[in-house]
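Visitor: For reference, this is data34.cif, and it has mmCIF, C-alpha atoms.
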```cif
data_target
loop_
_atom_site.label_atom_id
_atom_site.label_comp_id
_atom_site.auth_asym_id
_atom_site.auth_seq_id
_atom_site.Cartn_x
_atom_site.Cartn_y
_atom_site.Cartn_z
CA ASN A 1 144.91 120.28 52.26
CA GLU A 2 141.32 121.54 52.67
CA VAL A 3 139.99 117.99 52.98
CA ARG A 4 142.58 117.17 55.64
CA LYS A 5 141.65 120.28 57.68
CA PHE A 6 137.96 119.46 57.30
CA GLY A 7 138.61 115.89 58.48
CA GLU A 8 140.57 117.07 61.54
CA ASP A 9 137.86 119.58 62.39
CA LEU A 10 135.18 116.90 62.00
CA LEU A 11 137.13 114.46 64.21
CA TYR A 12 137.54 117.14 66.86
CA ARG A 13 133.80 117.89 66.87
CA LEU A 14 132.79 114.22 66.96
CA TYR A 15 135.23 113.12 69.66
CA GLN A 16 135.88 116.26 71.74
CA ASN A 17 134.38 114.76 74.93
CA ASP A 18 136.10 111.38 74.60
CA PRO A 19 139.25 110.56 76.56
CA ALA A 20 142.56 110.89 74.76
CA PRO A 21 143.94 107.60 73.39
CA GLY A 22 146.47 107.26 76.26
CA ASP A 23 144.00 108.13 79.03
CA THR A 24 142.45 105.38 81.13
CA GLU A 25 138.68 105.10 81.09
CA PRO A 26 136.99 106.17 84.31
CA ALA A 27 135.28 103.34 86.15
CA PRO A 28 131.51 103.36 85.76
CA PRO A 29 129.76 104.50 88.94
CA GLY A 30 128.78 101.58 91.13
CA ASN A 31 125.63 101.11 93.17
CA GLU A 32 125.49 102.62 96.64
CA HIS A 33 123.18 101.83 99.54
CA ILE A 34 123.27 103.61 102.91
CA MET A 35 121.26 102.58 105.99
CA ARG A 36 121.09 104.54 109.26
CA TRP A 37 118.84 104.17 112.29
CA LYS A 38 117.35 107.49 113.49
CA ASN A 39 114.68 107.81 116.17
CA GLY A 40 113.69 104.15 115.92
CA ARG A 41 113.30 104.22 112.12
CA LEU A 42 115.65 102.96 109.45
CA GLU A 43 116.51 105.62 106.87
CA ILE A 44 117.57 104.24 103.50
CA ARG A 45 119.30 106.08 100.69
CA ALA A 46 120.49 104.50 97.47
CA LYS A 47 122.17 105.48 94.22
CA LEU A 48 121.61 102.88 91.52
CA ASP A 49 122.91 102.58 87.98
CA LYS A 50 120.39 102.84 85.14
CA VAL A 51 119.73 99.12 84.78
CA THR A 52 119.44 98.41 88.50
CA GLY A 53 117.32 101.54 88.95
CA ALA A 54 114.96 100.41 86.21
CA LYS A 55 114.65 96.97 87.84
CA TYR A 56 113.94 98.58 91.20
CA GLU A 57 111.23 100.81 89.69
CA ALA A 58 109.71 97.80 87.94
CA LEU A 59 109.46 96.01 91.31
CA ILE A 60 108.12 98.97 93.31
CA ASP A 61 105.65 100.51 90.83
CA PRO A 62 103.05 97.71 90.77
CA LEU A 63 103.19 97.38 94.56
CA ALA A 64 102.85 101.16 95.06
CA LYS A 65 99.80 101.72 92.88
CA PRO A 66 96.92 103.47 94.67
CA ARG A 67 94.43 100.96 96.01
CA PRO A 68 91.75 101.16 98.67
CA GLN A 69 91.69 98.57 101.45
CA THR A 70 87.98 97.87 100.81
CA SER A 71 85.51 99.01 98.15
CA GLU A 72 83.70 101.21 100.72
CA GLU A 73 86.81 103.25 101.54
CA GLY A 74 87.05 104.96 98.17
CA PRO A 75 90.33 106.20 96.67
CA ASP A 76 93.67 105.60 98.34
CA ARG A 77 94.52 108.74 100.36
CA ARG A 78 98.19 107.84 101.01
CA SER A 79 100.87 110.07 99.49
CA ARG A 80 103.10 108.65 96.77
CA GLU A 81 105.98 108.47 99.27
CA ALA A 82 103.82 106.51 101.75
CA ARG A 83 102.65 104.11 99.03
CA GLU A 84 106.25 103.55 97.87
CA GLY A 85 107.38 102.99 101.47
CA ASP A 86 104.60 100.42 101.95
CA ALA A 87 105.61 98.85 98.62
CA LEU A 88 109.21 98.51 99.81
CA ALA A 89 107.98 96.85 103.03
CA GLU A 90 105.86 94.45 100.93
CA LEU A 91 108.84 93.73 98.68
CA ILE A 92 110.94 92.88 101.75
CA ASP A 93 108.22 90.48 102.95
CA LEU A 94 108.08 88.86 99.50
CA MET A 95 111.87 88.41 99.47
CA LEU A 96 111.86 86.82 102.92
CA ARG A 97 109.48 84.15 101.59
CA ALA A 98 111.69 83.44 98.57
CA ASP A 99 113.40 80.06 98.54
CA GLN A 100 116.69 81.25 97.03
CA LEU A 101 117.78 83.83 99.60
CA PRO A 102 121.47 83.89 100.46
CA GLU A 103 122.39 82.34 103.77
CA HIS A 104 124.19 84.09 106.60
CA GLY A 105 126.34 81.76 108.68
CA GLY A 106 124.61 78.71 107.17
CA GLU A 107 121.14 79.99 108.12
CA PRO A 108 118.55 81.93 106.15
CA VAL A 109 117.97 85.57 107.06
CA THR A 110 117.35 85.73 110.81
CA LEU A 111 115.62 88.34 112.95
CA THR A 112 116.11 87.92 116.68
CA LEU A 113 113.36 88.95 119.11
CA THR A 114 113.44 88.66 122.88
CA MET A 115 110.13 88.65 124.75
CA PRO A 116 108.73 87.03 127.89
CA TYR A 117 106.50 84.08 126.93
CA ASP A 118 103.60 85.27 129.10
CA ASP A 119 103.61 88.67 127.37
CA LEU A 120 103.62 86.99 123.94
CA ALA A 121 100.77 84.64 124.88
CA ASN A 122 98.69 87.43 126.48
CA GLN A 123 99.41 89.90 123.65
CA ILE A 124 100.79 92.57 125.97
CA GLY A 125 104.13 94.31 126.38
CA HIS A 126 106.79 94.50 123.73
CA ALA A 127 109.58 92.47 122.14
CA THR A 128 113.18 93.62 121.93
CA LEU A 129 114.98 93.34 118.59
CA ASP A 130 118.63 92.33 118.45
CA ASN A 131 119.56 96.00 117.87
CA GLY A 132 117.83 97.04 121.13
CA ASP A 133 114.71 98.60 119.62
CA HIS A 134 111.25 97.59 120.84
CA ILE A 135 108.21 96.48 118.82
CA PRO A 136 104.66 95.88 120.11
CA ALA A 137 103.57 92.35 121.06
CA ASP A 138 101.10 92.12 118.14
CA GLN A 139 103.92 92.70 115.62
CA ALA A 140 106.03 90.05 117.36
CA ARG A 141 103.11 87.59 117.09
CA GLN A 142 102.75 88.39 113.37
CA LEU A 143 106.46 87.74 112.81
CA ALA A 144 106.19 84.47 114.75
CA CYS A 145 103.54 83.19 112.33
CA ASN A 146 106.07 82.89 109.49
CA ALA A 147 109.17 82.16 111.53
CA GLY A 148 111.25 79.38 112.88
CA ILE A 149 111.14 79.81 116.66
CA ILE A 150 113.93 78.85 119.04
CA PRO A 151 112.82 79.09 122.67
CA ILE A 152 115.51 80.26 125.06
CA VAL A 153 115.21 80.33 128.85
CA LEU A 154 117.08 83.34 130.21
CA GLY A 155 118.42 83.85 133.72
CA GLY A 156 117.82 86.93 135.83
CA THR A 157 120.63 88.88 134.18
CA GLY A 158 119.72 87.79 130.65
CA GLN A 159 122.19 84.92 130.29
CA PRO A 160 120.87 81.89 128.34
CA LEU A 161 120.16 78.95 130.65
CA ASP A 162 118.52 76.60 128.13
CA ILE A 163 118.27 76.80 124.32
CA GLY A 164 115.60 74.73 122.59
CA ARG A 165 115.35 73.49 119.02
CA LYS A 166 114.01 75.45 116.10
CA THR A 167 110.31 74.81 115.38
CA ARG A 168 107.82 76.46 113.06
CA THR A 169 104.46 77.72 114.28
CA PHE A 170 102.96 76.76 110.92
CA PRO A 171 104.99 74.02 109.20
CA ALA A 172 105.26 74.06 105.41
CA ALA A 173 102.58 71.36 104.98
CA ILE A 174 100.02 73.39 106.93
CA ARG A 175 100.95 76.61 105.10
CA ARG A 176 100.35 74.85 101.76
#
```
Output the file's structure as structure tokens, nothing else.
Guide:
Amino acid sequence: NEVRKFGEDLLYRLYQNDPAPGDTEPAPPGNEHIMRWKNGRLEIRAKLDKVTGAKYEALIDPLAKPRPQTSEEGPDRRSREAREGDALAELIDLMLRADQLPEHGGEPVTLTLTMPYDDLANQIGHATLDNGDHIPADQARQLACNAGIIPIVLGGTGQPLDIGRKTRTFPAAIRR
């Protein structure tokens, strides 16, 4: 009788937080990712499971290490948050150059910019992103270096009059 009571007490202590045999197991929490545009900046918030979180840290940490731009500048004065933000931007650039990205509508990831050709050539003005935000001409030129470009002639009210074929500023052979 004493052994039975001891066994029941031991079972209760060992398994008191476990679900009852008839209860269904709760689903493990999934990953969440929330993006919102505020004041021309994309705010990102994520909740990741342990494994995915560890992978994310393993990707960000080496890219976020403090490093000066040149040897004369001395130590990196950016905050940890700024370094991690720059590391995320670098990670995005690395992913865009990957050859196994998923396609969207049969095409690789696409960013649409609208800008008058003369402004682009003269490095003035700004480009308009497909979400309506503006970026400076120098950033548009940087993006054009690694992009497939489709020239489009627009009418006075912005309607497409002529759509060209996709070309690359620097074809793969030249980039190699």
Visitor: How many Å separate atom CA of A:Leu129 from atom CA of A:Thr114?
Guide: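 A separation of 6.5 Å between them.
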Visitor: Near A:Ile44, counting all atoms listed in the file, which residues have an atom at most 9 Å away, once you skip same-chain residues fewer than 6 positions from it, shown as an MDAnalysis selection string?
Guide: chainID A and resid 33:37
Visitor: Return the single residue from A:Asn31, A:Asp76, A:Leu63, A:Asp86 that is closest to A:Arg45, with distances computed using all atoms listed in the file.
Guide: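 Between A:Asn31, A:Asp76, A:Leu63, A:Asp86, the residue approaching A:Arg45 most closely is A:Asn31.
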Visitor: Enclose stretch 3-13 of chain A, meaning all of its atoms listed in the file, in a box aligned along x, y and z, pad it by 5 Å on each side, and list the centre and edge lengths in Å to one decimal, as lines of an AutoDock Vina configuration file.
Guide:
```
center_x = 138.2
center_y = 117.4
center_z = 59.9
size_x = 18.8
size_y = 15.8
size_z = 23.9
```
Visitor: Could you tell me which residues the PyMOL selection byres ((chain A and resi 162) around 9) returns for this structure, as a ChimeraX atom specification?
Guide: /A:151-154,160-161,163-164
Visitor: Kindly give the distance, in Å, that separates atom CA of A:Thr128 and atom CA of A:Thr112, rounded to a single decimal.
Guide: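 Interatomic distance here is 8.3 Å.
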Visitor: Distance cut-off 12 Å, centre (108.5, 91.4, 129.5) in file coordinates, counting all atoms listed in the file: which residues qualify? Return them as a PyMOL selection string.
Guide: chain A and resi 113-128+134-137+154+158
Visitor: Nearest to A:Leu88: which of A:Asp9, A:Leu143, A:Ala58, A:Ser71 is it, counting all atoms listed in the file?
Guide: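 Nearest to A:Leu88: A:Ala58.
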Visitor: State, in Å with one decimal place, the distance from atom CA of A:Leu96 to atom CA of A:Val51.
Guide: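 Computing the Euclidean distance for atom CA of A:Leu96 and atom CA of A:Val51 yields 23.3 Å.
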Visitor: Taking only C-alpha atoms into account, name the residue in A:Glu73, A:Lys166, A:Glu90, A:Arg41 that is nearest to A:Asp61.
Guide: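 Of A:Glu73, A:Lys166, A:Glu90, A:Arg41, the one nearest A:Asp61, counting only C-alpha atoms, is A:Glu90.
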Visitor: Can you pull out the residues contacting A:Leu59? Cut-off 10 Å, using only C-alpha atoms, and skip same-chain residues under 4 positions away; I want them as a CSV table (one decimal) with C-alpha atoms, in the frame of the given file.
Guide:
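Written out: part27.csv:
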```
chain,number,residue,atom,x,y,z
A,53,GLY,CA,117.3,101.5,89.0
A,54,ALA,CA,115.0,100.4,86.2
A,55,LYS,CA,114.6,97.0,87.8
A,63,LEU,CA,103.2,97.4,94.6
A,64,ALA,CA,102.8,101.2,95.1
A,87,ALA,CA,105.6,98.8,98.6
A,88,LEU,CA,109.2,98.5,99.8
A,91,LEU,CA,108.8,93.7,98.7
```
Visitor: Counting all atoms listed in the file, which of A:Gly155, A:Cys145, A:Ile60, A:Gly7 gets nearest to A:Ala89?
Guide: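 Among A:Gly155, A:Cys145, A:Ile60, A:Gly7, it is A:Ile60 that comes nearest to A:Ala89.
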